[in-house]
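File shown: entry.cif (mmCIF, C-alpha atoms).
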data_query
loop_
_atom_site.label_atom_id
_atom_site.label_comp_id
_atom_site.auth_asym_id
_atom_site.auth_seq_id
_atom_site.Cartn_x
_atom_site.Cartn_y
_atom_site.Cartn_z
CA MET A 1 112.52 117.00 89.75
CA ASP A 2 111.79 115.09 92.93
CA LEU A 3 111.48 111.32 92.99
CA LEU A 4 107.70 111.19 93.24
CA SER A 5 107.31 113.47 90.23
CA PHE A 6 109.82 111.37 88.34
CA ILE A 7 107.87 108.20 89.17
CA ASP A 8 104.54 109.73 88.18
CA ASN A 9 105.94 110.92 84.86
CA ASN A 10 107.81 107.75 83.90
CA MET A 11 106.31 104.63 85.51
CA ALA A 12 104.02 103.91 82.55
CA ASN A 13 107.10 102.98 80.51
CA VAL A 14 107.38 99.68 82.36
CA ALA A 15 110.27 98.26 80.34
CA HIS A 16 112.68 101.13 81.02
CA PHE A 17 111.32 102.78 84.17
CA PRO A 18 112.97 100.48 86.81
CA LYS A 19 116.45 101.06 85.33
CA GLN A 20 115.84 104.81 85.21
CA LEU A 21 114.63 104.80 88.81
CA LEU A 22 117.69 102.83 89.94
CA GLU A 23 119.93 105.57 88.53
CA LYS A 24 117.90 108.19 90.41
CA VAL A 25 118.06 106.41 93.78
CA LYS A 26 121.77 105.61 93.32
CA ALA A 27 122.40 109.33 92.87
CA GLN A 28 120.33 110.01 95.99
CA TYR A 29 122.36 107.40 97.88
CA ASP A 30 125.60 109.09 96.83
CA THR A 31 124.52 112.63 97.76
CA ASN A 32 121.98 112.40 100.61
CA SER A 33 123.51 111.24 103.90
CA ILE A 34 120.16 110.53 105.56
CA TYR A 35 118.96 108.31 102.72
CA HIS A 36 122.39 106.68 102.55
CA ASN A 37 122.27 105.83 106.26
CA VAL A 38 118.71 104.45 106.05
CA ILE A 39 119.67 102.15 103.18
CA ASP A 40 122.78 100.99 105.03
CA GLU A 41 120.71 100.31 108.16
CA MET A 42 118.22 98.29 106.14
CA ILE A 43 121.00 96.22 104.58
CA ALA A 44 122.57 95.59 107.98
CA PHE A 45 119.18 94.62 109.42
CA ILE A 46 118.54 92.16 106.60
CA ASN A 47 122.00 90.63 106.97
CA ASN A 48 121.55 90.25 110.73
CA THR A 49 117.92 89.10 110.76
CA ILE A 50 117.10 87.33 107.51
CA SER A 51 119.31 84.86 105.71
CA VAL A 52 119.99 86.69 102.44
CA GLU A 53 120.51 83.36 100.71
CA ASP A 54 116.89 82.47 101.49
CA ILE A 55 115.54 85.51 99.64
CA ASP A 56 114.71 84.80 96.01
CA TYR A 57 113.15 88.18 95.15
CA ILE A 58 112.78 91.63 96.67
CA SER A 59 109.52 93.37 95.84
CA GLY A 60 108.20 96.89 96.19
CA GLY A 61 104.78 98.38 95.54
CA GLU A 62 103.69 101.56 93.78
CA ARG A 63 105.03 104.16 94.60
CA ARG A 64 107.07 105.02 97.70
CA ASP A 65 108.16 101.43 98.34
CA TRP A 66 110.29 101.73 95.22
CA PHE A 67 112.48 104.40 96.84
CA PHE A 68 113.93 101.62 98.99
CA SER A 69 113.18 98.27 97.32
CA VAL A 70 114.93 99.06 94.03
CA LEU A 71 118.26 100.02 95.58
CA LEU A 72 118.17 97.22 98.15
CA ALA A 73 117.60 94.65 95.41
CA HIS A 74 120.54 96.09 93.48
CA LEU A 75 122.90 96.19 96.46
CA LEU A 76 121.92 92.74 97.69
CA LYS A 77 122.12 91.33 94.14
CA LYS A 78 118.55 90.07 94.10
CA PRO A 79 116.01 90.35 91.26
CA HIS A 80 113.37 92.97 91.89
CA ILE A 81 109.60 92.67 91.42
CA THR A 82 107.95 96.00 90.64
CA ILE A 83 104.30 95.80 91.69
CA TYR A 84 101.72 98.26 90.40
CA LYS A 85 98.44 99.05 92.14
CA ASN A 86 96.54 97.21 89.42
CA LEU A 87 98.48 94.07 90.50
CA SER A 88 100.59 93.93 87.34
CA THR A 89 104.14 92.75 88.08
CA TYR A 90 107.47 93.16 86.34
CA VAL A 91 110.79 91.55 87.24
CA SER A 92 114.21 93.11 86.78
CA ASP A 93 117.62 91.51 87.23
CA SER A 94 119.67 92.98 90.08
CA ASP A 95 121.47 95.40 87.73
CA PHE A 96 118.12 96.36 86.15
CA GLU A 97 119.51 95.81 82.68
CA GLU A 98 116.40 93.86 81.69
CA THR A 99 112.81 94.25 82.89
CA LYS A 100 109.95 92.07 81.72
CA GLU A 101 106.45 91.17 82.77
CA ILE A 102 106.38 88.13 85.00
CA THR A 103 103.65 85.52 85.32
CA SER A 104 105.14 82.91 87.65
CA ILE A 105 107.67 82.62 90.47
CA ALA A 106 106.21 79.37 91.74
CA GLY A 107 107.56 78.43 95.15
CA LYS A 108 109.97 81.37 95.39
CA LYS A 109 110.38 83.39 98.59
CA VAL A 110 109.86 87.15 98.55
CA LEU A 111 110.93 89.98 100.85
CA HIS A 112 108.64 92.99 100.42
CA VAL A 113 110.25 96.34 101.24
CA THR A 114 108.07 99.33 102.10
CA ASP A 115 108.49 102.86 103.37
CA LEU A 116 106.01 102.51 106.24
CA ILE A 117 103.34 100.24 107.59
CA THR A 118 100.12 101.41 109.20
CA VAL A 119 97.20 98.97 109.11
CA ALA A 120 98.68 96.95 106.19
CA SER A 121 95.77 97.79 103.88
CA SER A 122 98.05 98.02 100.81
CA PHE A 123 99.43 94.59 101.62
CA ILE A 124 95.97 93.06 101.94
CA ARG A 125 94.56 94.84 98.89
CA ALA A 126 97.49 94.55 96.49
CA TRP A 127 100.98 93.38 97.44
CA ILE A 128 100.08 89.98 98.92
CA PRO A 129 97.58 89.09 96.13
CA ALA A 130 100.12 90.16 93.48
CA ILE A 131 102.75 87.77 94.82
CA GLN A 132 100.17 85.01 95.31
CA ASN A 133 99.01 85.44 91.71
CA LEU A 134 102.57 84.59 90.68
CA GLY A 135 102.63 81.47 92.85
CA GLY A 136 105.27 82.97 95.13
CA GLU A 137 105.38 83.33 98.90
CA LEU A 138 105.64 86.70 100.62
CA ILE A 139 107.65 85.54 103.62
CA TRP A 140 109.06 88.79 105.04
CA SER A 141 108.14 92.46 105.16
CA LEU A 142 110.63 95.20 106.05
CA SER A 143 109.49 98.79 106.54
CA VAL A 144 111.43 101.89 107.45
CA VAL A 145 108.70 103.01 109.86
CA ASP A 146 105.97 101.13 111.72
CA ARG A 147 103.22 103.46 112.89
CA MET A 148 102.07 100.81 115.38
CA GLN A 149 98.52 100.76 114.04
CA GLY A 150 98.10 97.01 113.85
CA GLY A 151 99.67 96.32 110.47
CA LYS A 152 102.46 94.17 111.89
CA GLU A 153 99.94 92.00 113.71
CA ARG A 154 97.75 91.64 110.60
CA LEU A 155 100.71 90.47 108.57
CA GLU A 156 101.92 88.07 111.22
CA ASP A 157 98.41 86.61 111.45
CA LEU A 158 98.90 85.76 107.76
CA GLY A 159 102.23 84.10 108.47
CA ILE A 160 104.37 87.01 107.21
CA LYS A 161 107.31 88.06 109.36
CA SER A 162 107.08 91.83 109.71
CA TYR A 163 110.09 93.94 110.63
CA SER A 164 110.77 97.69 110.80
CA LEU A 165 113.68 99.97 111.60
CA VAL A 166 111.64 102.46 113.64
CA SER A 167 108.38 102.19 115.56
CA ILE A 168 106.22 105.21 116.30
CA ASP A 169 104.33 104.60 119.54
CA GLU A 170 102.46 106.66 122.11
CA ALA A 171 105.71 107.72 123.80
CA LEU A 172 106.68 109.75 120.74
CA PHE A 173 103.35 111.60 120.73
CA GLN A 174 103.54 112.10 124.48
CA SER A 175 106.90 113.81 124.01
CA ALA A 176 105.38 116.05 121.32
CA TYR A 177 102.48 116.86 123.66
CA GLU A 178 104.83 117.79 126.51
CA LYS A 179 106.74 120.10 124.16
CA GLY A 180 103.51 121.83 123.14
CA ILE A 181 103.51 120.49 119.58
CA LEU A 182 100.18 118.73 120.20
CA ASP A 183 97.30 120.23 122.17
CA ASP A 184 94.91 118.38 124.51
CA THR A 185 92.35 117.62 121.79
CA GLN A 186 94.96 116.29 119.37
CA MET A 187 96.61 114.15 122.03
CA ALA A 188 93.25 112.68 123.05
CA LEU A 189 92.57 111.80 119.42
CA VAL A 190 95.98 110.14 119.13
CA ARG A 191 95.36 108.06 122.25
CA GLU A 192 91.94 106.96 121.01
CA PHE A 193 93.40 105.99 117.66
CA ILE A 194 96.26 103.98 119.17
CA LYS A 195 93.84 102.17 121.47
CA ASP A 196 91.27 101.40 118.76
CA PRO A 197 92.20 102.54 115.21
CA ASP A 198 89.01 101.36 113.48
CA GLY A 199 86.65 102.40 116.26
CA SER A 200 88.19 105.83 116.70
CA MET A 201 88.08 106.56 112.97
CA GLU A 202 84.48 105.38 112.70
CA LYS A 203 83.59 107.70 115.57
CA PHE A 204 85.47 110.59 113.94
CA VAL A 205 83.83 110.33 110.50
CA LYS A 206 80.37 109.99 112.05
CA GLU A 207 80.93 113.06 114.22
CA HIS A 208 82.33 114.99 111.23
CA PRO A 209 80.03 114.11 108.29
CA ASP A 210 81.59 116.81 106.13
CA PHE A 211 85.06 115.23 106.38
CA ILE A 212 84.52 112.60 103.66
CA GLU A 213 82.52 115.01 101.49
CA ASN A 214 85.35 117.56 101.61
CA ALA A 215 87.89 114.83 100.88
CA LEU A 216 85.97 113.79 97.75
CA HIS A 217 86.49 117.30 96.37
CA ALA A 218 90.15 117.60 97.36
CA ASP A 219 93.21 116.62 95.30
CA ALA A 220 93.08 113.42 93.24
CA LYS A 221 94.97 111.28 95.76
CA THR A 222 92.81 112.35 98.72
CA ALA A 223 89.63 111.98 96.67
CA GLY A 224 90.69 108.49 95.61
CA ARG A 225 91.22 107.41 99.20
CA ALA A 226 87.87 108.85 100.24
CA LYS A 227 86.15 106.98 97.40
CA LEU A 228 87.89 103.78 98.47
CA CYS A 229 86.51 104.25 101.99
CA LEU A 230 82.99 104.64 100.59
CA ASP A 231 83.24 101.80 98.07
CA SER A 232 84.67 99.43 100.68
CA HIS A 233 82.26 100.57 103.41
CA PHE A 234 85.11 101.37 105.78
CA TYR A 235 84.05 102.70 109.20
CA GLY A 236 80.41 101.85 108.49
CA LEU A 237 80.18 104.33 105.61
#
structure tokens encoding of this file:
Amino acid sequence: MDLLSFIDNNMANVAHFPKQLLEKVKAQYDTNSIYHNVIDEMIAFINNTISVEDIDYISGGERRDWFFSVLLAHLLKKPHITIYKNLSTYVSDSDFEETKEITSIAGKKVLHVTDLITVASSFIRAWIPAIQNLGGELIWSLSVVDRMQGGKERLEDLGIKSYSLVSIDEALFQSAYEKGILDDTQMALVREFIKDPDGSMEKFVKEHPDFIENALHADAKTAGRAKLCLDSHFYGL
């Protein structure tokens, strides 16, 4: 059973799920060299960039953030805040022996760990409000990958220090184009998106009116995102 399936099948049991997930990611750390190296790089980055003593909590949001945040909290001996999309929050001690719902961390400083950052919509919609609801301060964000779509700038405008291990910029796509992985049309779309993410996507959905309609009838996750676009009037929809 892969980690996402495990999360989907077990995360409703909020009292026991974080401990169970820790055991899963520890096993992954022991057997998967790529995952092991990423975790070690994240720990080294935190030790070299952020004063670990200043971090009161490490948080992660539903779902993929938990792949990294849970194990980092354990290895760095910090309590972990598990944040669900509905903004409910649960805190576990660093060994995940006890997990309980939390209502206040007044004045405490939080490092949020995430798999990737794009335009920081999950931060704006859920992770930042969840920490603010507890009276805490989300001071730092650390992602494995930054897609360079403006998320870092949005967070820093809010006073959050945003870091990442890897940044995906136009040079990466240019290399893929030169190797024939991307064609002219795809590369042009990439360049437009990098230059103006919101404008390029608004142009795309208006030129392809069936795109959102098809998405609404796709799998549950895709349909949910399409509905969010409509409900929030993204891209002028």
CA of Val119 (chain A) to CA of Gln28 (chain A) measures 28.8 Å
Nearest residue to Glu170 (chain A) from the set A:Asp183, A:Glu153, A:Asp219, A:Glu192 (distances using only C-alpha atoms): A:Glu192
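If you look at CA of Leu75 (chain A) and CA of Arg63 (chain A), they are 19.7 Å away from each other.
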Determine the residue set returned by the PyMOL selection byres ((chain A and resi 227-236) around 7) for the present structure, and present it as a PyMOL selection string. chain A and resi 198+201-202+216+223-226+237
Same residues, C-alpha atoms, saved as a PDB file, in the frame of the given file:
ATOM      1  CA  ASP A 198      89.010 101.360 113.480  1.00  0.00           C
ATOM      2  CA  MET A 201      88.080 106.560 112.970  1.00  0.00           C
ATOM      3  CA  GLU A 202      84.480 105.380 112.700  1.00  0.00           C
ATOM      4  CA  LEU A 216      85.970 113.790  97.750  1.00  0.00           C
ATOM      5  CA  ALA A 223      89.630 111.980  96.670  1.00  0.00           C
ATOM      6  CA  GLY A 224      90.690 108.490  95.610  1.00  0.00           C
ATOM      7  CA  ARG A 225      91.220 107.410  99.200  1.00  0.00           C
ATOM      8  CA  ALA A 226      87.870 108.850 100.240  1.00  0.00           C
ATOM      9  CA  LEU A 237      80.180 104.330 105.610  1.00  0.00           C
TER      10      LEU A 237
END
Name the residues that the PyMOL selection byres ((chain A and resi 22) around 9) picks from the file above, as a JSON list (two decimals) with C-alpha atoms, keeping the file's coordinate frame, using the file's chain letters and numbers.
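What ended up in expr-v2.json:
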[["chain", "number", "residue", "atom", "x", "y", "z"],
["A", 17, "PHE", "CA", 111.32, 102.78, 84.17],
["A", 18, "PRO", "CA", 112.97, 100.48, 86.81],
["A", 19, "LYS", "CA", 116.45, 101.06, 85.33],
["A", 20, "GLN", "CA", 115.84, 104.81, 85.21],
["A", 21, "LEU", "CA", 114.63, 104.80, 88.81],
["A", 23, "GLU", "CA", 119.93, 105.57, 88.53],
["A", 24, "LYS", "CA", 117.90, 108.19, 90.41],
["A", 25, "VAL", "CA", 118.06, 106.41, 93.78],
["A", 26, "LYS", "CA", 121.77, 105.61, 93.32],
["A", 27, "ALA", "CA", 122.40, 109.33, 92.87],
["A", 67, "PHE", "CA", 112.48, 104.40, 96.84],
["A", 70, "VAL", "CA", 114.93, 99.06, 94.03],
["A", 71, "LEU", "CA", 118.26, 100.02, 95.58],
["A", 74, "HIS", "CA", 120.54, 96.09, 93.48],
["A", 95, "ASP", "CA", 121.47, 95.40, 87.73],
["A", 96, "PHE", "CA", 118.12, 96.36, 86.15]]
Around all of region 202-220 of chain A's listed atoms, make the axis-aligned box with 4 Å on each side and tell me centre and edge lengths in Å to one decimal, as lines of an AutoDock Vina configuration file.
center_x = 86.6
center_y = 111.5
center_z = 104.4
size_x = 21.2
size_y = 20.2
size_z = 30.3
Can you tell me which residues surround region 122-129 of chain A at a distance of at most 9 Å, considering all atoms listed in the file, apart from same-chain residues fewer than 4 positions away, and format the answer as a PyMOL selection string? chain A and resi 59-61+83-87+112+117+133-134+137-138+154-155
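If you measure from each of A:Met11, A:Ile131, A:Leu76, A:Ala176 to Thr89 (chain A) using all atoms listed in the file, the closest one turns out to be A:Ile131.
Distances from A:Val14, A:Val144, A:Ile181, A:Ala215 to Asn37 (chain A) were compared using all atoms listed in the file, and the smallest one belongs to A:Val144.
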Got a sec: who's within 7 Å of Ile55 (chain A), counting only C-alpha atoms, leaving out chain neighbours fewer than 2 positions off, as a PyMOL selection string? chain A and resi 52-53+57+109-111
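Among the candidates A:Gly107, A:Pro79, A:Gly159, A:Gly136, the residue lying nearest to Val91 (chain A) is A:Pro79 (atoms considered: all atoms listed in the file).
When CA of Phe193 (chain A) is paired with CA of Thr118 (chain A), their separation reads 11.7 Å.
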List the neighbours of Met42 (chain A) out to 10 Å using all atoms listed in the file; skip same-chain residues closer than 4 positions along the sequence, and give me the result as a ChimeraX atom specification. /A:37-38,46-48,68,72,113,142-144,164-165
